[in-house]
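final.txt follows (compact mmCIF, C-alpha atoms (C1' of nucleotides)):
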# COMPACT_ATOMS: atom_id res chain seq x y z
CA MET A 20 15.51 9.29 18.01
CA SER A 21 13.26 11.45 20.15
CA LEU A 22 13.75 12.15 23.81
CA GLU A 23 10.10 13.11 24.19
CA HIS A 24 8.46 9.78 24.90
CA SER A 25 10.22 7.28 27.10
CA THR A 26 9.14 3.67 27.41
CA ASP A 27 9.75 0.96 29.99
CA HIS A 28 12.84 0.00 28.05
CA ASP A 29 14.50 3.34 28.61
CA HIS A 30 16.91 3.60 31.49
CA VAL A 31 16.36 6.95 33.11
CA HIS A 32 19.56 8.84 33.85
CA LEU A 33 19.18 9.86 37.44
CA GLY A 34 22.84 10.15 38.33
CA ASN A 35 26.24 11.29 37.25
CA VAL A 36 29.22 9.10 38.04
CA PHE A 37 31.51 12.08 37.54
CA SER A 38 30.04 13.68 40.64
CA ALA A 39 31.83 12.57 43.81
CA THR A 40 28.70 12.66 45.95
CA CYS A 41 26.39 10.73 43.62
CA PRO A 42 25.54 7.28 45.03
CA CYS A 43 26.07 5.77 41.60
CA ARG A 44 29.75 6.61 41.99
CA ASP A 45 29.96 4.01 44.78
CA LEU A 46 28.19 1.48 42.60
CA LEU A 47 30.71 2.05 39.82
CA ASP A 48 33.55 1.73 42.33
CA VAL A 49 32.28 -1.66 43.54
CA VAL A 50 31.77 -3.08 40.07
CA ALA A 51 34.79 -1.55 38.32
CA SER A 52 37.45 -3.72 39.92
CA LYS A 53 39.45 -6.69 38.70
CA TRP A 54 38.01 -9.21 41.18
CA SER A 55 34.42 -7.98 40.91
CA ALA A 56 34.57 -8.21 37.13
CA LEU A 57 35.95 -11.76 37.34
CA ALA A 58 33.50 -12.91 40.01
CA ILE A 59 30.53 -11.56 38.08
CA GLY A 60 31.99 -13.05 34.90
CA ALA A 61 32.24 -16.45 36.54
CA LEU A 62 28.72 -16.26 37.96
CA LEU A 63 27.29 -15.45 34.52
CA GLY A 64 27.77 -19.17 33.89
CA GLY A 65 25.48 -20.07 36.78
CA ARG A 66 25.53 -20.55 40.55
CA MET A 67 28.83 -21.39 42.19
CA ARG A 68 30.12 -22.40 45.57
CA PHE A 69 32.81 -20.48 47.42
CA GLY A 70 35.48 -23.07 46.63
CA GLU A 71 34.50 -23.20 42.98
CA LEU A 72 34.82 -19.44 42.68
CA GLN A 73 38.18 -19.53 44.42
CA ARG A 74 39.46 -22.14 41.96
CA HIS A 75 37.98 -20.24 39.02
CA LEU A 76 39.42 -16.86 40.00
CA ASP A 77 43.03 -17.96 39.81
CA GLY A 78 45.19 -16.23 42.40
CA ILE A 79 42.49 -14.82 44.68
CA SER A 80 42.90 -15.35 48.41
CA PRO A 81 39.91 -16.48 50.49
CA LYS A 82 40.00 -13.21 52.40
CA VAL A 83 39.75 -11.08 49.27
CA LEU A 84 37.13 -13.36 47.74
CA THR A 85 35.03 -13.03 50.89
CA SER A 86 35.26 -9.23 50.94
CA THR A 87 34.56 -9.02 47.20
CA LEU A 88 31.46 -11.19 47.49
CA ARG A 89 30.26 -9.33 50.60
CA LYS A 90 30.52 -5.98 48.82
CA LEU A 91 28.67 -7.33 45.78
CA GLU A 92 26.03 -8.76 48.12
CA ASP A 93 25.66 -5.40 49.90
CA TYR A 94 24.98 -3.73 46.57
CA GLY A 95 22.45 -6.34 45.50
CA ILE A 96 24.61 -7.74 42.71
CA VAL A 97 25.07 -11.25 44.04
CA ASP A 98 22.94 -13.43 46.25
CA ARG A 99 24.37 -15.70 48.95
CA GLU A 100 22.63 -18.91 49.98
CA VAL A 101 23.77 -21.05 52.88
CA PHE A 102 22.85 -24.74 53.00
CA ALA A 103 23.12 -26.25 56.47
CA GLU A 104 24.85 -29.39 55.31
CA VAL A 105 28.03 -31.08 56.29
CA PRO A 106 30.38 -30.03 55.01
CA LEU A 107 28.85 -26.57 54.79
CA ARG A 108 27.67 -25.47 51.36
CA VAL A 109 27.38 -21.83 50.36
CA GLU A 110 26.24 -20.89 46.89
CA TYR A 111 26.49 -17.57 45.10
CA THR A 112 24.29 -16.41 42.24
CA LEU A 113 23.84 -13.21 40.26
CA THR A 114 20.75 -11.11 40.97
CA PRO A 115 18.93 -9.55 37.98
CA LEU A 116 20.96 -6.40 38.71
CA GLY A 117 24.11 -8.51 38.62
CA HIS A 118 23.16 -9.94 35.25
CA GLU A 119 22.72 -6.41 33.92
CA ALA A 120 26.13 -5.38 35.17
CA GLY A 121 27.54 -8.57 33.71
CA VAL A 122 26.87 -7.49 30.13
CA PRO A 123 29.36 -4.58 29.91
CA LEU A 124 31.79 -6.41 32.20
CA GLU A 125 31.75 -9.42 29.91
CA ALA A 126 32.47 -7.12 26.97
CA LEU A 127 35.39 -5.62 28.88
CA ARG A 128 36.74 -9.09 29.65
CA VAL A 129 36.50 -10.14 26.02
CA TRP A 130 38.25 -6.94 24.98
CA ALA A 131 41.08 -7.51 27.47
CA GLU A 132 41.56 -11.06 26.25
CA SER A 133 41.62 -10.02 22.63
CA GLN A 134 44.37 -7.49 23.35
CA LEU A 135 46.90 -10.04 24.55
CA GLU A 136 49.37 -9.15 21.84
CA HIS A 137 49.28 -5.53 22.79
CA ALA A 138 49.74 -6.32 26.46
CA GLN A 139 52.79 -8.39 25.62
CA ARG A 140 54.22 -5.59 23.57
CA THR A 141 53.84 -3.03 26.34
CA GLU A 142 55.26 -5.52 28.83
CA ALA A 143 58.28 -5.91 26.59
CA ALA A 144 58.53 -2.13 26.30
CA ARG A 145 58.51 -1.75 30.06
CA ALA A 146 61.13 -4.47 30.40
CA LEU A 147 63.47 -2.33 28.28
CA VAL A 148 63.33 0.65 30.63
CA MET B 26 27.56 -19.63 13.54
CA SER B 27 30.76 -21.37 12.45
CA LEU B 28 34.11 -21.03 14.12
CA GLU B 29 35.86 -22.27 10.98
CA HIS B 30 36.44 -19.07 9.07
CA SER B 31 37.44 -15.94 10.93
CA THR B 32 37.47 -12.52 9.33
CA ASP B 33 39.26 -9.28 10.17
CA HIS B 34 36.28 -8.37 12.31
CA ASP B 35 36.77 -11.29 14.64
CA HIS B 36 38.72 -10.68 17.80
CA VAL B 37 40.89 -13.69 18.36
CA HIS B 38 40.82 -14.97 21.93
CA LEU B 39 44.45 -15.36 22.81
CA GLY B 40 44.15 -15.03 26.57
CA ASN B 41 42.17 -15.89 29.62
CA VAL B 42 41.65 -13.22 32.26
CA PHE B 43 40.81 -15.92 34.80
CA SER B 44 44.41 -17.10 34.66
CA ALA B 45 46.62 -15.19 37.09
CA THR B 46 49.67 -15.30 34.82
CA CYS B 47 47.98 -14.15 31.61
CA PRO B 48 49.14 -10.64 30.62
CA CYS B 49 45.55 -9.72 29.79
CA ARG B 50 44.83 -9.98 33.52
CA ASP B 51 47.03 -6.90 34.07
CA LEU B 52 45.24 -5.08 31.29
CA LEU B 53 41.88 -5.82 32.91
CA ASP B 54 43.24 -4.66 36.27
CA VAL B 55 44.36 -1.32 34.82
CA VAL B 56 41.10 -0.63 33.04
CA ALA B 57 38.67 -2.04 35.61
CA SER B 58 38.99 0.71 38.19
CA LYS B 59 36.82 3.66 39.14
CA TRP B 60 39.27 6.35 38.09
CA SER B 61 40.38 4.65 34.88
CA ALA B 62 36.76 4.20 33.83
CA LEU B 63 36.03 7.86 34.53
CA ALA B 64 39.19 9.16 32.86
CA ILE B 65 38.54 7.10 29.74
CA GLY B 66 34.90 8.16 29.83
CA ALA B 67 35.89 11.83 29.96
CA LEU B 68 38.40 11.43 27.14
CA LEU B 69 35.78 9.82 24.90
CA GLY B 70 34.55 13.40 24.50
CA GLY B 71 37.89 14.49 23.07
CA ARG B 72 41.33 15.65 24.16
CA MET B 73 41.67 17.19 27.59
CA ARG B 74 44.27 18.99 29.65
CA PHE B 75 45.36 17.81 33.09
CA GLY B 76 43.40 20.50 34.85
CA GLU B 77 40.30 19.86 32.80
CA LEU B 78 40.40 16.19 33.70
CA GLN B 79 40.90 17.04 37.34
CA ARG B 80 37.84 19.29 37.33
CA HIS B 81 35.83 16.72 35.38
CA LEU B 82 36.71 13.78 37.66
CA ASP B 83 35.19 15.30 40.76
CA GLY B 84 37.11 14.35 43.90
CA ILE B 85 40.33 13.07 42.32
CA SER B 86 43.61 14.33 43.73
CA PRO B 87 46.38 15.41 41.36
CA LYS B 88 48.56 12.60 42.65
CA VAL B 89 46.01 9.90 41.85
CA LEU B 90 45.16 11.50 38.51
CA THR B 91 48.83 11.48 37.56
CA SER B 92 49.30 7.82 38.50
CA THR B 93 46.07 6.83 36.75
CA LEU B 94 47.09 8.58 33.54
CA ARG B 95 50.62 7.17 33.69
CA LYS B 96 49.32 3.63 34.01
CA LEU B 97 46.91 4.16 31.10
CA GLU B 98 49.76 5.62 29.08
CA ASP B 99 51.99 2.63 29.90
CA TYR B 100 49.34 0.29 28.56
CA GLY B 101 48.81 2.30 25.38
CA ILE B 102 45.32 3.45 26.30
CA VAL B 103 45.95 7.18 26.49
CA ASP B 104 48.43 9.41 24.75
CA ARG B 105 50.20 12.30 26.52
CA GLU B 106 51.32 15.39 24.63
CA VAL B 107 53.40 18.15 26.18
CA PHE B 108 53.33 21.64 24.70
CA ALA B 109 56.29 23.78 25.73
CA GLU B 110 54.24 26.88 26.40
CA VAL B 111 53.88 29.14 29.37
CA PRO B 112 52.04 28.17 31.35
CA LEU B 113 52.79 24.57 30.50
CA ARG B 114 50.12 22.70 28.55
CA VAL B 115 49.74 18.92 28.64
CA GLU B 116 46.98 17.24 26.68
CA TYR B 117 45.66 13.71 26.98
CA THR B 118 43.86 11.76 24.28
CA LEU B 119 42.58 8.23 23.84
CA THR B 120 44.52 5.91 21.54
CA PRO B 121 42.54 3.61 19.22
CA LEU B 122 42.95 0.94 21.92
CA GLY B 123 41.55 3.39 24.45
CA HIS B 124 38.53 4.04 22.27
CA GLU B 125 37.89 0.30 22.10
CA ALA B 126 38.08 -0.03 25.87
CA GLY B 127 35.83 3.00 26.15
CA VAL B 128 32.85 1.19 24.64
CA PRO B 129 32.20 -1.34 27.43
CA LEU B 130 33.29 1.17 30.07
CA GLU B 131 30.76 3.68 28.77
CA ALA B 132 28.08 1.00 28.97
CA LEU B 133 29.11 0.26 32.55
CA ARG B 134 28.93 3.96 33.42
CA VAL B 135 25.47 4.30 31.91
CA TRP B 136 24.33 1.21 33.82
CA ALA B 137 25.67 2.59 37.12
CA GLU B 138 23.91 5.90 36.55
CA SER B 139 20.62 4.22 35.69
CA GLN B 140 20.75 2.24 38.94
CA LEU B 141 20.70 5.27 41.22
CA GLU B 142 17.49 4.24 42.90
CA HIS B 143 18.87 0.86 43.74
CA ALA B 144 22.06 2.35 45.15
CA GLN B 145 20.01 4.62 47.37
CA ARG B 146 17.95 1.67 48.59
CA THR B 147 21.02 -0.37 49.52
CA GLU B 148 22.54 2.67 51.19
CA ALA B 149 19.40 3.05 53.28
CA ALA B 150 19.53 -0.67 54.07
CA ARG B 151 23.11 -0.39 55.31
CA ALA B 152 22.21 2.65 57.38
CA LEU B 153 19.71 0.49 59.29
CA VAL B 154 22.32 -2.04 60.41
C1' DA C 20 59.50 42.04 43.85
C1' DT C 21 55.14 39.81 44.04
C1' DA C 22 51.40 37.28 42.37
C1' DG C 23 49.37 34.12 39.04
C1' DT C 24 49.14 29.96 36.07
C1' DT C 25 49.73 25.04 35.12
C1' DA C 26 51.13 20.49 36.04
C1' DC C 27 52.65 18.15 38.82
C1' DT C 28 55.56 16.00 43.32
C1' DT C 29 56.17 15.19 48.20
C1' DT C 30 54.75 14.00 52.70
C1' DC C 31 51.80 11.80 55.69
C1' DC C 32 48.10 8.94 56.97
C1' DT C 33 44.43 5.53 56.15
C1' DT C 34 42.50 1.83 53.57
C1' DA C 35 42.62 -2.04 50.49
C1' DG C 36 45.19 -6.14 48.60
C1' DG C 37 47.67 -10.30 49.22
C1' DA C 38 50.28 -14.48 51.61
C1' DA C 39 50.03 -17.75 55.32
C1' DA C 40 48.10 -19.87 58.94
C1' DG C 41 44.29 -20.93 61.95
C1' DC C 42 39.45 -22.21 63.08
C1' DA C 43 34.67 -24.31 63.57
C1' DA C 44 31.53 -28.01 62.61
C1' DG C 45 30.37 -32.06 61.93
C1' DA C 46 31.33 -36.94 59.10
C1' DA C 47 34.08 -40.53 58.19
C1' DT C 48 37.92 -43.43 59.39
C1' DA C 49 41.19 -45.95 62.36
C1' DT D 6 37.90 -42.33 71.35
C1' DA D 7 41.04 -39.83 68.60
C1' DT D 8 42.50 -38.44 64.19
C1' DT D 9 41.60 -36.97 59.69
C1' DC D 10 38.93 -34.72 56.04
C1' DT D 11 36.07 -31.21 53.97
C1' DT D 12 34.22 -26.60 53.39
C1' DG D 13 34.01 -21.81 54.14
C1' DC D 14 35.62 -18.90 56.06
C1' DT D 15 38.61 -15.46 59.79
C1' DT D 16 42.89 -13.66 61.69
C1' DT D 17 47.41 -11.87 61.49
C1' DC D 18 50.92 -9.60 59.23
C1' DC D 19 52.97 -6.93 55.66
C1' DT D 20 53.07 -4.18 51.48
C1' DA D 21 50.82 -1.37 48.00
C1' DA D 22 47.46 1.75 46.58
C1' DG D 23 44.22 5.75 47.69
C1' DG D 24 43.47 10.23 49.43
C1' DA D 25 44.24 15.09 51.81
C1' DA D 26 47.31 18.94 52.11
C1' DA D 27 51.08 21.41 51.11
C1' DG D 28 55.04 22.38 48.28
C1' DT D 29 57.68 23.02 43.79
C1' DA D 30 59.30 24.57 39.06
C1' DA D 31 59.16 27.55 35.36
C1' DC D 32 57.86 31.29 33.32
C1' DT D 33 54.52 35.63 32.57
C1' DA D 34 52.37 39.58 33.99
C1' DT D 35 52.01 43.41 37.09
Taking this structure as input, can you express it in the form of structure tokens?
Amino acid sequence: MSLEHSTDHDHVHLGNVFSATCPCRDLLDVVASKWSALAIGALLGGRMRFGELQRHLDGISPKVLTSTLRKLEDYGIVDREVFAEVPLRVEYTLTPLGHEAGVPLEALRVWAESQLEHAQRTEAARALV
Amino acid sequence: MSLEHSTDHDHVHLGNVFSATCPCRDLLDVVASKWSALAIGALLGGRMRFGELQRHLDGISPKVLTSTLRKLEDYGIVDREVFAEVPLRVEYTLTPLGHEAGVPLEALRVWAESQLEHAQRTEAARALV
DNA sequence: ATAGTTACTTTCCTTAGGAAAGCAAGAATA
DNA sequence: TATTCTTGCTTTCCTAAGGAAAGTAACTAT
């Protein structure tokens, strides 16, 4: 209840996403996207290879998957491991930061899935226009 | 623990965001974006006029704000009210659905803001390349 | 007649998203 | 030896979305 004593569990608010120049705005931008949310969601289940991710994220092109994973890697959300085998094996995992981001993203995913009926209704509404 | 008896509190999983053709994929796409997250976050504080939102969402152009709000309106996440005054007044509010979406989005925002240090580190790392 | 207010729209340009095809590096097969 | 197969990409091309700047409509106040 008190703001006076903070513990290790408290996340200190250093930034403001509403400010255009705050670095945390970029972080939000990277994470708040359809493909990032799905990639992180998939990786919550454990490490995955490029091809596995591509099959899991139905409809993604290899180009977009690459750029999505690279951006997440740049921001320390996923980790990329290359195994010099033949055929080549590349595995992606979530970093601790990625796991943290995964919690609200998972909740968003669950929410979206639970709203199917509503989505169908609005789709029908738009079809009438 | 059991999946046998569901109550009114249970959200039924009707969809799968990982499937490209599932309507809930579109819903996720609309909501999982920088500007949508910020607009919904701002509106969690109560109704707002167009100009207020524009000032609150630092860096957004009126064109992008309009298209963001229109999309959210189409999906039943925000409500738009026009008051025939002079000068014109238009107010935006969250629908119940919007409030639901706001919960995980707020958590994502808080997470992004708490990770400022990390964002600065990665920014510094990229600057070295 | 001019300026001010609000909520946009329009134009133009750049960036991101998406489909399709190509590529590199070996291993296995014919 | 040549072809095929696998994986993890990259490249090219095109369209859609994002962003900056200026313009517009409608009415009030000066």
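Distance-wise, atom CA of B:Lys88 and atom CA of B:Phe108 end up 20.7 Å apart.
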#### Entry: Neighbours of chain C in chain A at 9 Å, counting all atoms listed in the file, as a PyMOL selection string
chain A and resi 79-80+82-83+105-107
Chain D near chain A within 9 Å: what's each residue's closest atom pair and its distance in Å to one decimal, counting all atoms listed in the file, ordered by chain then ascending residue number, as a tab-separated table?
residue	atom	partner	partner_atom	distance
D:DT11	C1'	A:Pro106	CA	5.9
D:DT12	C1'	A:Pro106	CA	5.4
D:DG13	C1'	A:Phe69	CA	7.0
D:DC14	C1'	A:Pro81	CA	7.4
D:DT15	C1'	A:Lys82	CA	7.8
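Counting all atoms listed in the file, the residue from A:Ser133, A:Ser86, A:Thr112, A:Ser55 that sits nearest to chain B is A:Ser133.
Rounded to one decimal, atom CA of B:Asp51 and atom CA of B:Leu82 lie 23.4 Å from each other.
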### Task
Work out how far apart atom CA of A:Gly121 and atom CA of A:Ala56 are and give it in Å to one decimal.
7.8 Å
Using all atoms listed in the file and a cut-off of 7 Å, which residues of chain B sit close to chain A? Please list them as a PDB file with C-alpha atoms, in the frame of the given file.
ATOM      1  CA  HIS B  36      38.720 -10.680  17.800  1.00  0.00           C
ATOM      2  CA  VAL B  37      40.890 -13.690  18.360  1.00  0.00           C
ATOM      3  CA  HIS B  38      40.820 -14.970  21.930  1.00  0.00           C
ATOM      4  CA  LEU B  39      44.450 -15.360  22.810  1.00  0.00           C
ATOM      5  CA  GLY B  40      44.150 -15.030  26.570  1.00  0.00           C
ATOM      6  CA  ASN B  41      42.170 -15.890  29.620  1.00  0.00           C
ATOM      7  CA  VAL B  42      41.650 -13.220  32.260  1.00  0.00           C
ATOM      8  CA  PHE B  43      40.810 -15.920  34.800  1.00  0.00           C
ATOM      9  CA  SER B  44      44.410 -17.100  34.660  1.00  0.00           C
ATOM     10  CA  ALA B  45      46.620 -15.190  37.090  1.00  0.00           C
ATOM     11  CA  PRO B  48      49.140 -10.640  30.620  1.00  0.00           C
ATOM     12  CA  CYS B  49      45.550  -9.720  29.790  1.00  0.00           C
ATOM     13  CA  LEU B  52      45.240  -5.080  31.290  1.00  0.00           C
ATOM     14  CA  LEU B  53      41.880  -5.820  32.910  1.00  0.00           C
ATOM     15  CA  ASP B  54      43.240  -4.660  36.270  1.00  0.00           C
ATOM     16  CA  ALA B  57      38.670  -2.040  35.610  1.00  0.00           C
ATOM     17  CA  SER B  58      38.990   0.710  38.190  1.00  0.00           C
ATOM     18  CA  LYS B  59      36.820   3.660  39.140  1.00  0.00           C
ATOM     19  CA  LEU B  63      36.030   7.860  34.530  1.00  0.00           C
ATOM     20  CA  HIS B  81      35.830  16.720  35.380  1.00  0.00           C
ATOM     21  CA  LEU B  82      36.710  13.780  37.660  1.00  0.00           C
ATOM     22  CA  ASP B  83      35.190  15.300  40.760  1.00  0.00           C
ATOM     23  CA  GLY B  84      37.110  14.350  43.900  1.00  0.00           C
ATOM     24  CA  ASP B  99      51.990   2.630  29.900  1.00  0.00           C
ATOM     25  CA  TYR B 100      49.340   0.290  28.560  1.00  0.00           C
ATOM     26  CA  ALA B 126      38.080  -0.030  25.870  1.00  0.00           C
ATOM     27  CA  PRO B 129      32.200  -1.340  27.430  1.00  0.00           C
ATOM     28  CA  LEU B 130      33.290   1.170  30.070  1.00  0.00           C
ATOM     29  CA  ALA B 132      28.080   1.000  28.970  1.00  0.00           C
ATOM     30  CA  LEU B 133      29.110   0.260  32.550  1.00  0.00           C
ATOM     31  CA  ARG B 134      28.930   3.960  33.420  1.00  0.00           C
ATOM     32  CA  TRP B 136      24.330   1.210  33.820  1.00  0.00           C
ATOM     33  CA  ALA B 137      25.670   2.590  37.120  1.00  0.00           C
ATOM     34  CA  GLU B 138      23.910   5.900  36.550  1.00  0.00           C
ATOM     35  CA  SER B 139      20.620   4.220  35.690  1.00  0.00           C
ATOM     36  CA  GLN B 140      20.750   2.240  38.940  1.00  0.00           C
ATOM     37  CA  LEU B 141      20.700   5.270  41.220  1.00  0.00           C
ATOM     38  CA  ALA B 144      22.060   2.350  45.150  1.00  0.00           C
ATOM     39  CA  GLN B 145      20.010   4.620  47.370  1.00  0.00           C
ATOM     40  CA  THR B 147      21.020  -0.370  49.520  1.00  0.00           C
TER      41      THR B 147
END
So for stretch 31-46 of chain C, what box centre and size do we get, axis-aligned, 3 Å extra on each of the six sides, every listed atom, Å to one decimal, as AutoDock Vina command-line options?
--center_x 41.1 --center_y -12.6 --center_z 56.1 --size_x 27.4 --size_y 54.7 --size_z 21.0
### Task
Pick out the residues sitting within 12 Å of B:Gly71, and hand them over as an MDAnalysis selection string; count only C-alpha atoms (C1' of nucleotides), and ignore anything fewer than 3 positions along from it in its own chain.
chainID B and resid 64:68 74 77:78 103:104 116:120 123:124
For stretch 73-95 of chain A, which lacks atoms in the input, supply N, CA, C and O atoms and format the output as a PDB file, in the coordinates of the input.
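So out.pdb came out as:
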ATOM      1  N   GLN A  73      36.767 -19.712  44.077  1.00  0.00           N
ATOM      2  CA  GLN A  73      38.180 -19.530  44.420  1.00  0.00           C
ATOM      3  C   GLN A  73      39.082 -20.223  43.400  1.00  0.00           C
ATOM      4  O   GLN A  73      40.130 -19.697  43.013  1.00  0.00           O
ATOM      5  N   ARG A  74      38.667 -21.399  42.958  1.00  0.00           N
ATOM      6  CA  ARG A  74      39.460 -22.140  41.960  1.00  0.00           C
ATOM      7  C   ARG A  74      39.366 -21.469  40.590  1.00  0.00           C
ATOM      8  O   ARG A  74      40.324 -21.444  39.835  1.00  0.00           O
ATOM      9  N   HIS A  75      38.193 -20.892  40.310  1.00  0.00           N
ATOM     10  CA  HIS A  75      37.980 -20.240  39.020  1.00  0.00           C
ATOM     11  C   HIS A  75      38.751 -18.932  38.916  1.00  0.00           C
ATOM     12  O   HIS A  75      39.324 -18.604  37.880  1.00  0.00           O
ATOM     13  N   LEU A  76      38.747 -18.159  39.997  1.00  0.00           N
ATOM     14  CA  LEU A  76      39.420 -16.860  40.000  1.00  0.00           C
ATOM     15  C   LEU A  76      40.863 -17.066  40.458  1.00  0.00           C
ATOM     16  O   LEU A  76      41.247 -16.716  41.575  1.00  0.00           O
ATOM     17  N   ASP A  77      41.647 -17.580  39.542  1.00  0.00           N
ATOM     18  CA  ASP A  77      43.030 -17.960  39.810  1.00  0.00           C
ATOM     19  C   ASP A  77      43.810 -16.845  40.512  1.00  0.00           C
ATOM     20  O   ASP A  77      43.909 -15.738  39.995  1.00  0.00           O
ATOM     21  N   GLY A  78      44.330 -17.172  41.693  1.00  0.00           N
ATOM     22  CA  GLY A  78      45.190 -16.230  42.400  1.00  0.00           C
ATOM     23  C   GLY A  78      44.513 -15.440  43.505  1.00  0.00           C
ATOM     24  O   GLY A  78      45.166 -14.706  44.236  1.00  0.00           O
ATOM     25  N   ILE A  79      43.202 -15.576  43.629  1.00  0.00           N
ATOM     26  CA  ILE A  79      42.490 -14.820  44.680  1.00  0.00           C
ATOM     27  C   ILE A  79      42.660 -15.550  46.014  1.00  0.00           C
ATOM     28  O   ILE A  79      42.670 -16.774  46.069  1.00  0.00           O
ATOM     29  N   SER A  80      42.811 -14.765  47.072  1.00  0.00           N
ATOM     30  CA  SER A  80      42.900 -15.350  48.410  1.00  0.00           C
ATOM     31  C   SER A  80      41.493 -15.431  48.983  1.00  0.00           C
ATOM     32  O   SER A  80      40.619 -14.654  48.600  1.00  0.00           O
ATOM     33  N   PRO A  81      41.256 -16.369  49.914  1.00  0.00           N
ATOM     34  CA  PRO A  81      39.910 -16.480  50.490  1.00  0.00           C
ATOM     35  C   PRO A  81      39.449 -15.186  51.131  1.00  0.00           C
ATOM     36  O   PRO A  81      38.276 -14.828  51.036  1.00  0.00           O
ATOM     37  N   LYS A  82      40.370 -14.468  51.753  1.00  0.00           N
ATOM     38  CA  LYS A  82      40.000 -13.210  52.400  1.00  0.00           C
ATOM     39  C   LYS A  82      39.457 -12.203  51.388  1.00  0.00           C
ATOM     40  O   LYS A  82      38.408 -11.585  51.624  1.00  0.00           O
ATOM     41  N   VAL A  83      40.163 -12.045  50.288  1.00  0.00           N
ATOM     42  CA  VAL A  83      39.750 -11.080  49.270  1.00  0.00           C
ATOM     43  C   VAL A  83      38.480 -11.540  48.562  1.00  0.00           C
ATOM     44  O   VAL A  83      37.603 -10.718  48.255  1.00  0.00           O
ATOM     45  N   LEU A  84      38.357 -12.856  48.356  1.00  0.00           N
ATOM     46  CA  LEU A  84      37.130 -13.360  47.740  1.00  0.00           C
ATOM     47  C   LEU A  84      35.934 -13.078  48.648  1.00  0.00           C
ATOM     48  O   LEU A  84      34.883 -12.626  48.179  1.00  0.00           O
ATOM     49  N   THR A  85      36.108 -13.319  49.935  1.00  0.00           N
ATOM     50  CA  THR A  85      35.030 -13.030  50.890  1.00  0.00           C
ATOM     51  C   THR A  85      34.626 -11.562  50.831  1.00  0.00           C
ATOM     52  O   THR A  85      33.446 -11.240  50.701  1.00  0.00           O
ATOM     53  N   SER A  86      35.603 -10.660  50.907  1.00  0.00           N
ATOM     54  CA  SER A  86      35.260  -9.230  50.940  1.00  0.00           C
ATOM     55  C   SER A  86      34.658  -8.781  49.621  1.00  0.00           C
ATOM     56  O   SER A  86      33.756  -7.938  49.593  1.00  0.00           O
ATOM     57  N   THR A  87      35.129  -9.356  48.510  1.00  0.00           N
ATOM     58  CA  THR A  87      34.560  -9.020  47.200  1.00  0.00           C
ATOM     59  C   THR A  87      33.097  -9.439  47.129  1.00  0.00           C
ATOM     60  O   THR A  87      32.228  -8.646  46.743  1.00  0.00           O
ATOM     61  N   LEU A  88      32.831 -10.667  47.552  1.00  0.00           N
ATOM     62  CA  LEU A  88      31.460 -11.190  47.490  1.00  0.00           C
ATOM     63  C   LEU A  88      30.543 -10.434  48.458  1.00  0.00           C
ATOM     64  O   LEU A  88      29.387 -10.149  48.139  1.00  0.00           O
ATOM     65  N   ARG A  89      31.066 -10.071  49.621  1.00  0.00           N
ATOM     66  CA  ARG A  89      30.260  -9.330  50.600  1.00  0.00           C
ATOM     67  C   ARG A  89      29.857  -7.958  50.042  1.00  0.00           C
ATOM     68  O   ARG A  89      28.720  -7.514  50.185  1.00  0.00           O
ATOM     69  N   LYS A  90      30.801  -7.303  49.403  1.00  0.00           N
ATOM     70  CA  LYS A  90      30.520  -5.980  48.820  1.00  0.00           C
ATOM     71  C   LYS A  90      29.473  -6.107  47.719  1.00  0.00           C
ATOM     72  O   LYS A  90      28.519  -5.322  47.658  1.00  0.00           O
ATOM     73  N   LEU A  91      29.632  -7.120  46.870  1.00  0.00           N
ATOM     74  CA  LEU A  91      28.670  -7.330  45.780  1.00  0.00           C
ATOM     75  C   LEU A  91      27.296  -7.682  46.348  1.00  0.00           C
ATOM     76  O   LEU A  91      26.272  -7.280  45.794  1.00  0.00           O
ATOM     77  N   GLU A  92      27.291  -8.407  47.466  1.00  0.00           N
ATOM     78  CA  GLU A  92      26.030  -8.760  48.120  1.00  0.00           C
ATOM     79  C   GLU A  92      25.372  -7.487  48.683  1.00  0.00           C
ATOM     80  O   GLU A  92      24.170  -7.283  48.512  1.00  0.00           O
ATOM     81  N   ASP A  93      26.168  -6.652  49.332  1.00  0.00           N
ATOM     82  CA  ASP A  93      25.660  -5.400  49.900  1.00  0.00           C
ATOM     83  C   ASP A  93      24.976  -4.541  48.835  1.00  0.00           C
ATOM     84  O   ASP A  93      23.992  -3.860  49.121  1.00  0.00           O
ATOM     85  N   TYR A  94      25.525  -4.567  47.637  1.00  0.00           N
ATOM     86  CA  TYR A  94      24.980  -3.730  46.570  1.00  0.00           C
ATOM     87  C   TYR A  94      23.937  -4.453  45.729  1.00  0.00           C
ATOM     88  O   TYR A  94      23.527  -3.961  44.683  1.00  0.00           O
ATOM     89  N   GLY A  95      23.524  -5.629  46.182  1.00  0.00           N
ATOM     90  CA  GLY A  95      22.450  -6.340  45.500  1.00  0.00           C
ATOM     91  C   GLY A  95      22.839  -6.898  44.152  1.00  0.00           C
ATOM     92  O   GLY A  95      22.005  -7.049  43.263  1.00  0.00           O
TER      93      GLY A  95
END
